[in-house]
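Chemist: The following file, work-v2.csv, comprises CSV, C-alpha atoms:
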```csv
chain,number,residue,atom,x,y,z
T,21,MET,CA,252.8,45.3,132.0
T,22,LYS,CA,255.3,43.7,134.4
T,23,LEU,CA,257.3,46.9,134.3
T,24,ILE,CA,254.4,49.1,135.3
T,25,ALA,CA,253.6,46.7,138.2
T,26,LYS,CA,257.2,46.8,139.4
T,27,VAL,CA,257.3,50.6,139.3
T,28,ILE,CA,254.0,50.8,141.3
T,29,ILE,CA,255.2,48.2,143.8
T,30,GLN,CA,258.5,50.2,144.2
T,31,ILE,CA,256.6,53.4,144.8
T,32,ILE,CA,254.3,51.8,147.4
T,33,SER,CA,257.4,50.2,149.0
T,34,ASN,CA,259.1,53.6,149.1
T,35,LEU,CA,256.0,55.2,150.5
T,36,VAL,CA,255.9,52.7,153.4
T,37,ALA,CA,259.6,53.0,153.9
T,38,ILE,CA,259.6,56.8,154.2
T,39,TYR,CA,256.6,56.6,156.5
T,40,ALA,CA,258.4,54.1,158.7
T,41,ALA,CA,261.5,56.2,158.8
T,42,VAL,CA,259.6,59.3,159.8
T,43,ASN,CA,257.8,57.4,162.6
T,44,LEU,CA,260.8,55.4,163.9
T,45,VAL,CA,263.8,57.9,163.6
T,46,SER,CA,263.9,61.1,165.6
T,47,GLY,CA,265.4,63.8,163.5
T,48,VAL,CA,263.4,62.8,160.4
T,49,SER,CA,260.1,64.7,159.9
T,50,PHE,CA,257.6,65.0,157.2
T,51,SER,CA,255.3,68.1,157.2
T,52,GLY,CA,253.1,67.2,154.2
T,53,GLY,CA,250.0,65.1,153.6
T,54,PHE,CA,249.5,61.8,151.9
T,55,GLU,CA,249.9,63.4,148.4
T,56,ASP,CA,253.2,64.9,149.4
T,57,LEU,CA,254.3,61.5,150.8
T,58,LEU,CA,253.3,59.8,147.5
T,59,ILE,CA,255.3,62.4,145.5
T,60,ALA,CA,258.3,61.9,147.7
T,61,ALA,CA,258.0,58.1,147.2
T,62,GLY,CA,257.8,58.7,143.5
T,63,ILE,CA,260.9,60.9,143.6
T,64,LEU,CA,262.8,58.3,145.6
T,65,SER,CA,261.7,55.6,143.0
T,66,LEU,CA,263.1,57.8,140.2
T,67,ILE,CA,266.3,58.3,142.1
T,68,ASN,CA,266.6,54.5,142.6
T,69,ILE,CA,265.8,53.9,138.9
T,70,PHE,CA,268.1,56.5,137.3
T,71,ILE,CA,270.7,57.9,139.7
T,72,ARG,CA,271.5,54.9,141.9
T,73,PRO,CA,272.8,52.7,139.0
T,74,ILE,CA,275.1,55.5,137.8
T,75,LEU,CA,276.5,55.8,141.4
T,76,LYS,CA,277.0,52.0,141.5
T,77,LEU,CA,278.8,52.1,138.2
T,78,ILE,CA,281.1,55.0,139.3
T,79,PHE,CA,281.8,53.5,142.7
T,80,GLY,CA,282.0,49.8,141.5
T,81,PRO,CA,285.6,49.2,142.5
T,82,ILE,CA,285.1,50.7,146.0
T,83,ILE,CA,282.0,48.5,146.4
T,84,VAL,CA,284.0,45.5,145.6
T,85,ILE,CA,286.9,46.5,147.8
T,86,THR,CA,284.6,47.1,150.8
T,87,LEU,CA,282.7,43.9,150.1
T,88,GLY,CA,279.5,45.7,149.4
T,89,LEU,CA,279.4,48.0,152.4
T,90,PHE,CA,279.8,51.1,150.3
T,91,ILE,CA,276.2,50.4,149.1
T,92,LEU,CA,275.2,51.9,152.4
T,93,VAL,CA,276.9,55.1,151.4
T,94,ILE,CA,275.0,55.1,148.1
T,95,ASN,CA,271.7,54.6,150.0
T,96,VAL,CA,272.6,57.6,152.2
T,97,LEU,CA,273.3,59.7,149.2
T,98,SER,CA,270.0,58.7,147.7
T,99,ILE,CA,268.1,59.7,150.8
T,100,LYS,CA,270.1,62.9,151.0
T,101,ILE,CA,269.1,63.7,147.4
T,102,LEU,CA,265.5,63.1,148.3
T,103,ASP,CA,265.9,65.4,151.4
T,104,ILE,CA,267.2,68.2,149.1
T,105,VAL,CA,264.6,67.8,146.4
T,106,SER,CA,261.5,67.1,148.6
T,107,ASP,CA,260.5,70.2,150.7
T,108,PRO,CA,258.2,68.4,153.2
T,109,LEU,CA,260.9,65.9,154.2
T,110,THR,CA,263.4,67.2,156.7
T,111,ILE,CA,266.4,65.2,158.0
T,112,GLN,CA,268.4,66.8,160.7
T,113,GLY,CA,271.9,65.4,161.0
T,114,TYR,CA,273.9,62.5,159.7
T,115,ILE,CA,272.9,59.8,162.2
T,116,PRO,CA,269.1,60.2,161.4
T,117,LEU,CA,270.1,60.2,157.7
T,118,PHE,CA,272.0,57.0,158.1
T,119,LEU,CA,269.2,55.4,160.2
T,120,ALA,CA,266.5,56.5,157.7
T,121,SER,CA,268.5,55.0,154.8
T,122,LEU,CA,268.9,51.7,156.7
T,123,ILE,CA,265.1,51.6,157.3
T,124,VAL,CA,264.4,52.4,153.7
T,125,GLY,CA,266.8,49.8,152.5
T,126,ILE,CA,265.4,47.1,154.8
T,127,VAL,CA,261.8,47.8,153.8
T,128,ASN,CA,262.7,47.8,150.1
T,129,PHE,CA,264.6,44.5,150.6
T,130,ILE,CA,261.7,42.8,152.3
T,131,VAL,CA,259.2,44.0,149.7
T,132,THR,CA,261.5,43.0,146.8
T,133,ALA,CA,262.2,39.6,148.3
T,134,SER,CA,258.6,38.9,149.1
T,135,GLY,CA,257.6,40.0,145.5
T,136,LYS,CA,260.1,37.6,144.0
T,137,ALA,CA,258.8,34.8,146.2
T,138,VAL,CA,255.2,35.4,145.2
T,139,TYR,CA,255.8,35.9,141.4
T,140,LYS,CA,258.8,33.6,141.0
T,141,GLU,CA,260.1,35.4,137.9
```
Step by step, read the file and then write its structure as structure tokens.

Modeler:
Amino acid sequence: MKLIAKVIIQIISNLVAIYAAVNLVSGVSFSGGFEDLLIAAGILSLINIFIRPILKLIFGPIIVITLGLFILVINVLSIKILDIVSDPLTIQGYIPLFLASLIVGIVNFIVTASGKAVYKE
């Protein structure tokens, strides 16, 4: 049951993060409705569950050498994959892509930190 709750919280967190990135970063647009936003959040959650750990494993030594800063590149790659897979989401350029990944990362960090504070696993 905890796993299902974590996945639902992650999807909601990604939904809020994508919505915030669309509204805060010029160059990031979303042409779909709420259902499309929910699907994009689900896709991003799947990317974070399955692809991101593989990228962290592959680039582990680089992450250690850069003292964790290479995680930003992995976040950018995750958002770029979402941009490619999700038709309603359009990101124009590398700076909006980087800023969108920062916003998504910050929102997910806040939600994860507050969730751990509330549930104290």

Chemist: Counting only C-alpha atoms, figure out which residue out of T:Ile94, T:Leu102, T:Leu23, T:Ile63 gets nearest to Ile78 (chain T).

Modeler: T:Ile94

Chemist: Of the residues T:Phe129, T:Tyr39, T:Tyr114, T:Phe90, which is the one nearest to Ala61 (chain T), using all atoms listed in the file?

Modeler: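 Smallest separation from Ala61 (chain T) among the options: T:Tyr39.
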
Chemist: So, with only C-alpha atoms as the atoms that count, which of T:Ile29, T:Ile24, T:Leu57, T:Leu66 lies closest to Val42 (chain T)?

Modeler: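 Residue with the minimum atom-to-atom distance to Val42 (chain T): T:Leu57.
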
Chemist: Counting only C-alpha atoms, figure out which residue out of T:Leu77, T:Val93, T:Ala41, T:Leu35 gets nearest to Glu55 (chain T).

Modeler: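 Residue with the minimum atom-to-atom distance to Glu55 (chain T): T:Leu35.
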
Chemist: Please compute the CA of Ser134 (chain T)-CA of Ser33 (chain T) distance, one decimal, in Å.

Modeler: 11.4 Å

Chemist: What does the distance from CA of Lys76 (chain T) to CA of Val36 (chain T) come to in Å, to one decimal?

Modeler: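 CA of Lys76 (chain T) sits 24.2 Å away from CA of Val36 (chain T).
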
Chemist: To one decimal place, how far is CA of Ser51 (chain T) from CA of Ile130 (chain T) in Å?

Modeler: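 Distance between the two atoms: 26.6 Å.
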
Chemist: So, with all atoms listed in the file as the atoms that count, which of T:Val105, T:Val131, T:Leu89, T:Leu117 lies closest to Val48 (chain T)?

Modeler: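 Of T:Val105, T:Val131, T:Leu89, T:Leu117, the one nearest Val48 (chain T), counting all atoms listed in the file, is T:Leu117.
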
Chemist: From the set T:Asn95, T:Ser49, T:Asn68, T:Thr86, which residue has the shortest atom-to-atom contact distance to Gly113 (chain T), counting all atoms listed in the file?

Modeler: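 Of the candidates, the smallest distance to Gly113 (chain T) is held by T:Ser49.
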
Chemist: Which polymer residues have any atom within 10 Å of an atom of Asp103 (chain T), counting all atoms listed in the file, with same-chain residues fewer than 5 positions away left out, as a list in words?

Modeler: Val48, Ala60, Leu64, Leu97, Ser98, Pro108, Leu109, Thr110, Ile111, Gln112 and Leu117 of chain T

Chemist: Extract, using all atoms listed in the file, all DNA, RNA and protein residues at most 6 Å from Val124 (chain T), discarding same-chain residues fewer than 3 positions from it, and format them as JSON, numbers by chain.

Modeler: {"T": [37, 121, 127]}

Chemist: Could you take the residues named above and write them with C-alpha atoms, as a tab-separated table (two decimals), keeping the file's coordinate frame?

Modeler:
```
chain	number	residue	atom	x	y	z
T	37	ALA	CA	259.60	53.00	153.90
T	121	SER	CA	268.50	55.00	154.80
T	127	VAL	CA	261.80	47.80	153.80
```

Chemist: For Pro116 (chain T), find every residue with an atom within 7 Å (counting all atoms listed in the file), except residues of its own chain fewer than 6 positions away, and show them as a list in words.

Modeler: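 Surrounding residues, per the criterion: Val45, Ser46, Gly47 and Val48 of chain T.
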
Chemist: Just write region 54-116 of chain T with C-alpha atoms, as a PDB file, in the first residue's frame, taken from the block above.

Modeler:
```pdb
ATOM      1  CA  PHE T  54      -5.676  18.325 -17.632  1.00  0.00           C
ATOM      2  CA  GLU T  55      -5.799  14.723 -18.848  1.00  0.00           C
ATOM      3  CA  ASP T  56      -2.758  15.306 -21.061  1.00  0.00           C
ATOM      4  CA  LEU T  57      -0.956  16.939 -18.126  1.00  0.00           C
ATOM      5  CA  LEU T  58      -1.787  13.930 -15.963  1.00  0.00           C
ATOM      6  CA  ILE T  59      -0.455  11.583 -18.672  1.00  0.00           C
ATOM      7  CA  ALA T  60       2.751  13.650 -18.968  1.00  0.00           C
ATOM      8  CA  ALA T  61       3.177  13.498 -15.179  1.00  0.00           C
ATOM      9  CA  GLY T  62       2.725   9.729 -15.316  1.00  0.00           C
ATOM     10  CA  ILE T  63       5.295   9.434 -18.093  1.00  0.00           C
ATOM     11  CA  LEU T  64       7.763  11.543 -16.098  1.00  0.00           C
ATOM     12  CA  SER T  65       7.148   9.336 -13.068  1.00  0.00           C
ATOM     13  CA  LEU T  66       7.897   6.242 -15.162  1.00  0.00           C
ATOM     14  CA  ILE T  67      11.068   7.898 -16.461  1.00  0.00           C
ATOM     15  CA  ASN T  68      12.110   8.668 -12.875  1.00  0.00           C
ATOM     16  CA  ILE T  69      11.336   5.113 -11.734  1.00  0.00           C
ATOM     17  CA  PHE T  70      12.938   3.137 -14.569  1.00  0.00           C
ATOM     18  CA  ILE T  71      15.344   5.223 -16.678  1.00  0.00           C
ATOM     19  CA  ARG T  72      16.837   7.615 -14.119  1.00  0.00           C
ATOM     20  CA  PRO T  73      18.383   4.887 -11.900  1.00  0.00           C
ATOM     21  CA  ILE T  74      20.014   3.342 -14.968  1.00  0.00           C
ATOM     22  CA  LEU T  75      21.479   6.717 -15.934  1.00  0.00           C
ATOM     23  CA  LYS T  76      22.727   7.220 -12.365  1.00  0.00           C
ATOM     24  CA  LEU T  77      24.375   3.808 -12.451  1.00  0.00           C
ATOM     25  CA  ILE T  78      26.035   4.444 -15.811  1.00  0.00           C
ATOM     26  CA  PHE T  79      27.235   7.928 -14.898  1.00  0.00           C
ATOM     27  CA  GLY T  80      28.038   7.114 -11.246  1.00  0.00           C
ATOM     28  CA  PRO T  81      31.766   7.882 -11.489  1.00  0.00           C
ATOM     29  CA  ILE T  82      31.090  11.212 -13.211  1.00  0.00           C
ATOM     30  CA  ILE T  83      28.538  12.078 -10.512  1.00  0.00           C
ATOM     31  CA  VAL T  84      31.149  11.387  -7.830  1.00  0.00           C
ATOM     32  CA  ILE T  85      33.873  13.372  -9.629  1.00  0.00           C
ATOM     33  CA  THR T  86      31.579  16.394 -10.084  1.00  0.00           C
ATOM     34  CA  LEU T  87      30.365  16.114  -6.471  1.00  0.00           C
ATOM     35  CA  GLY T  88      26.797  15.467  -7.568  1.00  0.00           C
ATOM     36  CA  LEU T  89      26.445  18.278 -10.084  1.00  0.00           C
ATOM     37  CA  PHE T  90      26.073  15.796 -12.945  1.00  0.00           C
ATOM     38  CA  ILE T  91      22.659  14.914 -11.463  1.00  0.00           C
ATOM     39  CA  LEU T  92      21.489  18.181 -13.082  1.00  0.00           C
ATOM     40  CA  VAL T  93      22.450  16.740 -16.471  1.00  0.00           C
ATOM     41  CA  ILE T  94      20.475  13.575 -15.689  1.00  0.00           C
ATOM     42  CA  ASN T  95      17.473  15.750 -14.753  1.00  0.00           C
ATOM     43  CA  VAL T  96      17.796  17.613 -18.062  1.00  0.00           C
ATOM     44  CA  LEU T  97      17.945  14.292 -19.923  1.00  0.00           C
ATOM     45  CA  SER T  98      14.790  13.125 -18.120  1.00  0.00           C
ATOM     46  CA  ILE T  99      12.873  16.254 -19.091  1.00  0.00           C
ATOM     47  CA  LYS T 100      14.194  16.019 -22.671  1.00  0.00           C
ATOM     48  CA  ILE T 101      12.917  12.434 -22.894  1.00  0.00           C
ATOM     49  CA  LEU T 102       9.542  13.672 -21.642  1.00  0.00           C
ATOM     50  CA  ASP T 103       9.616  16.422 -24.283  1.00  0.00           C
ATOM     51  CA  ILE T 104      10.258  13.847 -27.001  1.00  0.00           C
ATOM     52  CA  VAL T 105       7.617  11.374 -25.800  1.00  0.00           C
ATOM     53  CA  SER T 106       4.839  13.814 -24.835  1.00  0.00           C
ATOM     54  CA  ASP T 107       3.329  15.666 -27.805  1.00  0.00           C
ATOM     55  CA  PRO T 108       1.520  18.459 -25.889  1.00  0.00           C
ATOM     56  CA  LEU T 109       4.738  19.496 -24.101  1.00  0.00           C
ATOM     57  CA  THR T 110       7.073  21.705 -26.129  1.00  0.00           C
ATOM     58  CA  ILE T 111      10.411  23.000 -24.872  1.00  0.00           C
ATOM     59  CA  GLN T 112      12.222  25.415 -27.172  1.00  0.00           C
ATOM     60  CA  GLY T 113      15.936  25.634 -26.479  1.00  0.00           C
ATOM     61  CA  TYR T 114      18.438  24.479 -23.937  1.00  0.00           C
ATOM     62  CA  ILE T 115      18.030  27.285 -21.396  1.00  0.00           C
ATOM     63  CA  PRO T 116      14.265  26.689 -20.983  1.00  0.00           C
TER      64      PRO T 116
END
```
